[in-house]
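Visitor: File final_8.cif below, mmCIF, C-alpha atoms:
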data_work
loop_
_atom_site.label_atom_id
_atom_site.label_comp_id
_atom_site.auth_asym_id
_atom_site.auth_seq_id
_atom_site.Cartn_x
_atom_site.Cartn_y
_atom_site.Cartn_z
CA MET A 1 61.55 -7.94 69.42
CA GLU A 2 58.58 -7.02 67.30
CA HIS A 3 56.66 -3.84 68.11
CA SER A 4 52.87 -3.91 68.34
CA ILE A 5 50.81 -2.29 65.60
CA THR A 6 48.93 0.77 66.83
CA PHE A 7 47.07 1.86 63.67
CA HIS A 8 43.46 2.99 64.02
CA ILE A 9 40.79 1.99 61.51
CA GLU A 10 39.31 5.49 61.40
CA ASP A 11 42.62 6.81 60.01
CA PHE A 12 42.00 4.98 56.70
CA GLU A 13 39.38 5.45 54.00
CA GLY A 14 38.84 1.72 53.49
CA PRO A 15 40.45 -1.73 53.71
CA LEU A 16 42.54 -1.18 50.57
CA ASP A 17 43.88 2.05 52.06
CA LEU A 18 44.96 0.14 55.18
CA LEU A 19 46.55 -2.65 53.14
CA LEU A 20 48.44 -0.16 50.98
CA HIS A 21 49.72 1.58 54.13
CA LEU A 22 50.95 -1.75 55.53
CA VAL A 23 52.77 -2.47 52.26
CA SER A 24 54.46 0.93 52.53
CA GLN A 25 55.32 0.53 56.23
CA ASN A 26 56.90 -2.87 55.60
CA LYS A 27 58.72 -1.56 52.50
CA MET A 28 57.29 -4.35 50.37
CA ASN A 29 57.31 -4.43 46.59
CA LEU A 30 53.71 -3.80 45.53
CA TYR A 31 54.07 -6.37 42.72
CA ASP A 32 55.60 -9.03 44.98
CA ILE A 33 53.86 -8.78 48.34
CA GLU A 34 54.78 -11.01 51.28
CA ILE A 35 51.15 -11.95 51.48
CA VAL A 36 51.15 -14.05 54.67
CA SER A 37 52.90 -11.35 56.70
CA LEU A 38 50.55 -8.71 55.29
CA ILE A 39 47.50 -10.81 56.18
CA ASP A 40 48.69 -11.38 59.76
CA GLN A 41 49.23 -7.66 60.34
CA TYR A 42 45.89 -6.70 58.84
CA VAL A 43 43.96 -9.30 60.86
CA SER A 44 45.69 -8.25 64.10
CA ILE A 45 44.56 -4.66 63.53
CA VAL A 46 40.97 -5.71 62.86
CA ASN A 47 40.94 -8.04 65.88
CA GLY A 48 41.93 -5.08 68.05
CA LEU A 49 38.79 -3.15 67.18
CA PRO A 50 36.57 -2.23 70.13
CA VAL A 51 33.06 -3.66 70.14
CA TYR A 52 31.37 -0.32 69.44
CA GLN A 53 33.32 0.02 66.15
CA MET A 54 32.39 -3.40 64.74
CA GLU A 55 29.32 -2.21 62.82
CA SER A 56 30.97 0.92 61.39
CA ALA A 57 34.05 -1.07 60.31
CA SER A 58 32.11 -3.84 58.57
CA GLU A 59 34.02 -3.41 55.27
CA PHE A 60 37.34 -3.90 57.12
CA ILE A 61 36.00 -7.05 58.77
CA GLU A 62 34.75 -8.39 55.42
CA MET A 63 38.23 -7.92 53.90
CA ALA A 64 39.76 -9.66 56.94
CA ALA A 65 37.55 -12.70 56.29
CA ARG A 66 38.68 -12.81 52.65
CA LEU A 67 42.34 -12.57 53.71
CA VAL A 68 41.97 -15.36 56.27
CA GLN A 69 40.47 -17.54 53.53
CA MET A 70 43.39 -16.65 51.27
CA LYS A 71 45.89 -17.59 54.00
CA SER A 72 44.21 -20.99 54.40
CA PHE A 73 44.83 -21.68 50.70
CA PHE A 74 48.48 -20.64 51.07
CA LEU A 75 48.93 -23.33 53.71
CA LEU A 76 48.15 -25.94 51.04
CA PRO A 77 51.00 -27.17 48.80
CA LYS A 78 50.90 -25.63 45.31
CA SER A 79 47.47 -24.08 45.60
CA GLU A 80 46.29 -22.53 42.32
CA GLU A 81 43.45 -20.79 44.15
CA ALA A 82 45.95 -19.06 46.46
CA GLU A 83 47.91 -17.70 43.50
CA ARG A 84 44.72 -16.50 41.83
CA MET A 85 43.57 -14.70 44.97
CA LYS A 86 47.03 -13.14 45.42
CA GLN A 87 47.03 -11.82 41.85
CA GLU A 88 43.52 -10.44 42.34
CA LEU A 89 44.53 -8.64 45.56
CA THR A 90 47.71 -7.31 43.93
CA GLY A 91 45.69 -5.92 41.04
CA LEU A 92 43.27 -4.17 43.42
CA LEU A 93 46.13 -2.61 45.37
CA VAL A 94 47.89 -1.41 42.20
CA GLU A 95 44.69 0.18 40.88
CA TYR A 96 43.97 1.80 44.24
CA SER A 97 47.53 3.10 44.45
CA VAL A 98 47.25 4.72 41.00
CA CYS A 99 43.88 6.28 41.84
CA LYS A 100 45.24 7.62 45.12
CA GLU A 101 48.24 9.15 43.36
CA VAL A 102 46.04 10.82 40.73
CA ALA A 103 43.74 12.19 43.45
CA ALA A 104 46.75 13.65 45.27
CA ARG A 105 47.92 15.38 42.08
CA LEU A 106 44.49 16.84 41.43
CA ARG A 107 44.29 18.04 45.04
CA ALA A 108 47.67 19.72 44.70
CA ARG A 109 46.63 21.46 41.49
CA ALA A 110 43.40 22.67 43.11
CA GLU A 111 45.16 24.22 46.10
CA GLY A 112 45.44 27.98 45.85
CA LEU A 113 42.84 28.31 43.11
CA PHE A 114 40.05 30.82 43.68
CA THR A 115 36.61 29.54 42.80
CA ALA A 116 33.70 31.92 42.72
CA VAL A 117 30.10 30.85 42.47
CA ARG A 118 26.82 32.69 42.49
CA ARG A 119 23.29 31.73 43.20
CA PRO A 120 21.26 30.42 40.27
CA ALA A 121 19.36 33.11 38.40
CA VAL A 122 15.65 33.22 39.10
CA ILE A 123 13.69 32.71 35.88
CA GLU A 124 10.10 33.81 35.76
CA GLN A 125 7.88 31.06 34.40
CA ASP A 126 4.92 31.69 32.16
CA ARG A 127 2.18 29.49 33.61
CA ALA A 128 -0.41 30.41 30.94
CA TYR A 129 -1.84 27.34 29.15
CA ALA A 130 -1.22 27.96 25.47
CA LEU A 131 -2.86 24.90 23.92
CA ARG A 132 -6.29 25.00 22.27
CA HIS A 133 -8.94 22.27 22.57
CA GLU A 134 -12.47 21.71 21.36
CA ALA A 135 -15.24 22.72 23.75
CA ALA A 136 -16.66 19.18 23.89
CA LEU A 137 -13.29 17.77 24.93
CA LEU A 138 -12.95 20.40 27.66
CA ALA A 139 -16.45 19.62 28.93
CA GLN A 140 -15.62 15.91 29.02
CA ALA A 141 -12.42 16.58 30.97
CA TYR A 142 -14.33 18.80 33.42
CA ASP A 143 -16.94 16.10 33.99
CA ALA A 144 -14.19 13.55 34.61
CA ILE A 145 -12.60 15.82 37.22
CA GLN A 146 -15.95 16.27 38.96
CA GLY A 147 -16.49 12.51 39.04
CA ARG A 148 -19.28 12.57 36.51
CA SER A 149 -19.70 10.23 33.60
CA ARG A 150 -22.19 9.80 30.87
CA ALA A 151 -24.98 7.36 31.60
CA LYS A 152 -24.09 3.96 30.23
CA PRO A 153 -26.57 2.62 27.69
CA GLN A 154 -28.89 -0.08 28.94
CA PRO A 155 -28.03 -3.54 27.60
CA ARG A 156 -30.33 -4.82 24.86
CA PRO A 157 -32.27 -8.05 25.39
CA GLU A 158 -30.63 -9.66 22.35
CA GLN A 159 -27.27 -9.39 24.07
CA PHE A 160 -28.44 -11.92 26.65
CA GLU A 161 -29.93 -14.28 24.09
CA PRO A 162 -26.77 -16.44 23.67
CA LEU A 163 -26.74 -17.00 27.43
CA THR A 164 -30.43 -17.64 27.97
CA THR A 165 -30.97 -19.84 24.94
CA ALA A 166 -27.87 -22.00 25.38
CA PRO A 167 -28.79 -25.64 26.01
CA ILE A 168 -28.08 -26.93 29.49
CA VAL A 169 -25.96 -30.10 29.40
CA SER A 170 -26.31 -32.31 32.46
CA VAL A 171 -23.39 -34.09 34.06
CA THR A 172 -25.35 -37.36 34.07
CA SER A 173 -25.74 -37.32 30.30
CA ARG A 174 -22.01 -36.72 29.85
CA ILE A 175 -21.18 -39.60 32.24
CA ILE A 176 -23.21 -41.91 30.00
CA HIS A 177 -21.53 -40.41 26.93
CA VAL A 178 -18.02 -40.97 28.36
CA LEU A 179 -18.70 -44.56 29.44
CA ARG A 180 -20.32 -45.41 26.09
CA GLY A 181 -17.33 -43.99 24.20
CA LEU A 182 -14.87 -45.95 26.33
CA MET A 183 -16.79 -49.23 26.13
CA THR A 184 -17.23 -49.04 22.35
CA GLY A 185 -13.61 -48.00 21.75
CA ARG A 186 -14.51 -44.67 20.10
CA VAL A 187 -12.69 -42.79 22.84
CA GLY A 188 -9.20 -43.68 24.00
CA ARG A 189 -7.73 -40.45 25.30
CA LEU A 190 -8.94 -37.61 27.48
CA ARG A 191 -8.69 -34.96 24.77
CA GLN A 192 -11.02 -36.92 22.51
CA LEU A 193 -13.89 -36.12 24.89
CA PHE A 194 -13.66 -32.40 24.13
CA SER A 195 -14.46 -30.70 20.84
CA ARG A 196 -13.83 -27.18 19.62
CA ASP A 197 -17.33 -27.13 18.19
CA GLY A 198 -18.94 -28.00 21.51
CA SER A 199 -20.50 -25.42 23.80
CA ARG A 200 -18.97 -24.20 27.03
CA SER A 201 -21.73 -25.93 29.00
CA GLN A 202 -20.90 -29.21 27.29
CA ALA A 203 -17.18 -28.87 28.04
CA VAL A 204 -17.81 -28.11 31.71
CA ALA A 205 -20.28 -30.99 32.06
CA THR A 206 -17.81 -33.39 30.39
CA PHE A 207 -15.01 -32.30 32.71
CA LEU A 208 -17.21 -32.80 35.78
CA ALA A 209 -18.32 -36.18 34.43
CA VAL A 210 -14.70 -37.36 34.11
CA LEU A 211 -13.93 -36.17 37.65
CA GLU A 212 -16.97 -38.01 38.99
CA LEU A 213 -16.00 -41.23 37.19
CA VAL A 214 -12.41 -41.02 38.47
CA ARG A 215 -13.63 -40.33 42.01
CA ALA A 216 -15.98 -43.33 41.85
CA GLY A 217 -13.20 -45.59 40.58
CA ARG A 218 -14.95 -46.31 37.28
CA VAL A 219 -12.27 -44.63 35.13
CA SER A 220 -8.55 -43.95 35.58
CA ILE A 221 -6.28 -41.59 33.64
CA ASN A 222 -2.72 -42.65 32.76
CA GLU A 223 0.30 -40.36 32.39
CA ASP A 224 -0.05 -40.37 28.59
CA GLU A 225 -3.69 -39.16 28.95
CA SER A 226 -5.06 -42.55 27.93
CA LEU A 227 -8.23 -43.63 29.73
CA CYS A 228 -8.86 -46.95 31.41
CA VAL A 229 -12.33 -48.15 32.41
CA GLN A 230 -12.88 -50.39 35.45
CA LYS A 231 -15.39 -53.16 34.78
CA THR A 232 -17.58 -54.50 37.51
CA ASP A 233 -15.74 -57.82 37.35
CA ARG A 234 -12.49 -55.96 38.17
CA HIS A 235 -11.16 -56.63 34.68
CA VAL A 236 -9.23 -53.58 33.49
CA ARG A 237 -8.75 -52.84 29.81
CA HIS A 238 -7.50 -49.81 27.91
CA ALA A 239 -10.11 -47.83 26.08
CA GLY A 240 -9.91 -48.51 22.37
CA SER A 241 -8.92 -52.16 22.77
CA PRO A 242 -11.25 -54.90 21.45
CA ASP A 243 -14.06 -55.95 23.73
CA ALA A 244 -13.21 -58.95 25.84
#
Please re-express this file's structure in structure tokens.

Guide:
Amino acid sequence: MEHSITFHIEDFEGPLDLLLHLVSQNKMNLYDIEIVSLIDQYVSIVNGLPVYQMESASEFIEMAARLVQMKSFFLLPKSEEAERMKQELTGLLVEYSVCKEVAARLRARAEGLFTAVRRPAVIEQDRAYALRHEAALLAQAYDAIQGRSRAKPQPRPEQFEPLTTAPIVSVTSRIIHVLRGLMTGRVGRLRQLFSRDGSRSQAVATFLAVLELVRAGRVSINEDESLCVQKTDRHVRHAGSPDA
């Protein structure tokens, strides 16, 4: 008759510590674990957790979910995934076992040793500012701290000249320009309507003209950026093709 397992989660530092203890209790070979039996015992311990310990034992529950998944693969015939997961778990347990053994040896060596410590020495700091700066730079820094700033120079009228003297290009004139280019075949693609030498006002007016023509159904733009013009007789032709 099998005896019930009465281990407590709080007695172990983590899920690997519990698994290693189960391996030891069942006198299993660490390099050839009876994985299904080990999984069943581990899951039974986790299932016995009271509700108030579920959040604090989340890492144990996460390992239980991985082990249940591993057991499902072992139920399949010749599962390569099951063997891979078993080797991975065996490697983790071997590494943890070695680390635990080294920690025990270090703890044993530290027992009985007298360690004396003292408070850190108080070092007096020299807070004098040793750097040297020009007086003008110091005055500028002082003004910046006080929120002051030198008065900005007034802009000169000639700076506004490029803006005020720039010709205003109307959208209507660009609509006529676009339609004329399409009808005569001089323009076939959208990019041909824009020029690097043109002004910003001209580019904006041209863009608005194209939008207005598309909205009115007079022009359509294909995926390859070619333009098509809608004639009043509903005859559609690609821009750049010979006049009908």

Visitor: Do you know which residues are at most 8 Å from stretch 39-43 of chain A counting all atoms listed in the file, after dropping those on the same chain fewer than 5 positions away, and could you put them as a list in words?

Guide: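 The contact residues come out as Ile5, Leu18, Leu19, Leu22, Ala64, Leu67, Val68 and Lys71 of chain A.
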
Visitor: Any idea what's packed within 8 Å of stretch 178-180 of chain A, counting only C-alpha atoms, ignoring anything in its chain fewer than 2 positions away? Could you give it as a ChimeraX atom specification?

Guide: /A:174-176,182-184,187,193,206,209-210,229

Visitor: Have a look at A:Asp17, A:Asp32, A:Glu212, A:Glu80 and name the one nearest to A:Glu95; count only C-alpha atoms.

Guide: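 Smallest distance to A:Glu95 is found for A:Asp17.
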
Visitor: To one decimal place in Å, what is the distance between atom CA of A:Val23 and atom CA of A:Leu92?

Guide: 13.1 Å

Visitor: If you measure from atom CA of A:Ala205 to atom CA of A:Gln192, what distance in Å do you get, rounded to one decimal?

Guide: 14.6 Å

Visitor: Rank A:Gly181, A:Pro155, A:Pro167, A:Pro15 by their smallest atom-to-atom distance to A:Tyr96, using all atoms listed in the file, and report the top residue only.

Guide: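 Residue with the minimum atom-to-atom distance to A:Tyr96: A:Pro15.
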
Visitor: Contacts of A:Glu225 at 7 Å or less, counting all atoms listed in the file, minus same-chain residues fewer than 3 places along, as a list in words?

Guide: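 Once the nearby chain positions are removed, what remains is Arg189, Leu190, Ile221 and Asn222 of chain A.
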
Visitor: For A:Ile168, list every protein, DNA or RNA residue within 12 Å, evaluated using all atoms listed in the file, and leave out those in the same chain fewer than 6 positions away; present the list as a list in words.

Guide: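 Result of the neighbour search: Arg174, Ser199, Arg200, Ser201, Gln202, Ala203, Val204 and Ala205 of chain A.
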
Visitor: For the atom pair atom CA of A:Ala110 and atom CA of A:Gly14, what is the interatomic distance in Å to one decimal place?

Guide: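 Answer for the atom CA of A:Ala110 to atom CA of A:Gly14 separation: 23.8 Å.
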
Visitor: Nearest to A:Val171: which of A:Leu213, A:Ala141, A:Gly188, A:Glu158 is it, counting all atoms listed in the file?

Guide: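 Checking each of A:Leu213, A:Ala141, A:Gly188, A:Glu158 against A:Val171, counting all atoms listed in the file, the winner is A:Leu213.
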
Visitor: Would you write out, as an mmCIF file with C-alpha atoms, in the frame of the given file, every residue that the PyMOL selection byres ((chain A and resi 33) around 12) captures in this file?

Guide:
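Listed below is the output, out.cif:
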data_model
loop_
_atom_site.group_PDB
_atom_site.id
_atom_site.type_symbol
_atom_site.label_atom_id
_atom_site.label_comp_id
_atom_site.auth_asym_id
_atom_site.auth_seq_id
_atom_site.Cartn_x
_atom_site.Cartn_y
_atom_site.Cartn_z
ATOM 1 C CA LEU A 19 46.550 -2.650 53.140
ATOM 2 C CA LEU A 20 48.440 -0.160 50.980
ATOM 3 C CA LEU A 22 50.950 -1.750 55.530
ATOM 4 C CA VAL A 23 52.770 -2.470 52.260
ATOM 5 C CA SER A 24 54.460 0.930 52.530
ATOM 6 C CA ASN A 26 56.900 -2.870 55.600
ATOM 7 C CA LYS A 27 58.720 -1.560 52.500
ATOM 8 C CA MET A 28 57.290 -4.350 50.370
ATOM 9 C CA ASN A 29 57.310 -4.430 46.590
ATOM 10 C CA LEU A 30 53.710 -3.800 45.530
ATOM 11 C CA TYR A 31 54.070 -6.370 42.720
ATOM 12 C CA ASP A 32 55.600 -9.030 44.980
ATOM 13 C CA GLU A 34 54.780 -11.010 51.280
ATOM 14 C CA ILE A 35 51.150 -11.950 51.480
ATOM 15 C CA VAL A 36 51.150 -14.050 54.670
ATOM 16 C CA SER A 37 52.900 -11.350 56.700
ATOM 17 C CA LEU A 38 50.550 -8.710 55.290
ATOM 18 C CA ILE A 39 47.500 -10.810 56.180
ATOM 19 C CA GLU A 83 47.910 -17.700 43.500
ATOM 20 C CA LYS A 86 47.030 -13.140 45.420
ATOM 21 C CA GLN A 87 47.030 -11.820 41.850
ATOM 22 C CA LEU A 89 44.530 -8.640 45.560
ATOM 23 C CA THR A 90 47.710 -7.310 43.930
ATOM 24 C CA GLY A 91 45.690 -5.920 41.040
ATOM 25 C CA LEU A 93 46.130 -2.610 45.370
ATOM 26 C CA VAL A 94 47.890 -1.410 42.200
#

Visitor: Could you check the closest approach to A:Ala82 for each of A:Gly185, A:Ala57, A:His133, A:Arg66 and tell me which residue wins, using only C-alpha atoms?

Guide: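 Nearest candidate to A:Ala82 out of A:Gly185, A:Ala57, A:His133, A:Arg66: A:Arg66.
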
Visitor: Can you tell me, as lines of an AutoDock Vina configuration file, the centre and edge lengths (Å, one decimal) of the axis-aligned box enclosing all of stretch 136-141 of chain A's listed atoms after padding each side by 8 Å?

Guide:
center_x = -14.5
center_y = 18.2
center_z = 27.4
size_x = 20.2
size_y = 20.5
size_z = 23.1

Visitor: For A:Ser220, please output as a CSV table (one decimal) with C-alpha atoms, keeping the file's coordinate frame all residues within 8 Å (counting only C-alpha atoms; exclusion window: fewer than 6 positions along the same chain).

Guide:
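And here's around13.csv as it stands now:
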chain,number,residue,atom,x,y,z
A,214,VAL,CA,-12.4,-41.0,38.5
A,227,LEU,CA,-8.2,-43.6,29.7
A,228,CYS,CA,-8.9,-47.0,31.4
A,229,VAL,CA,-12.3,-48.2,32.4
A,230,GLN,CA,-12.9,-50.4,35.4
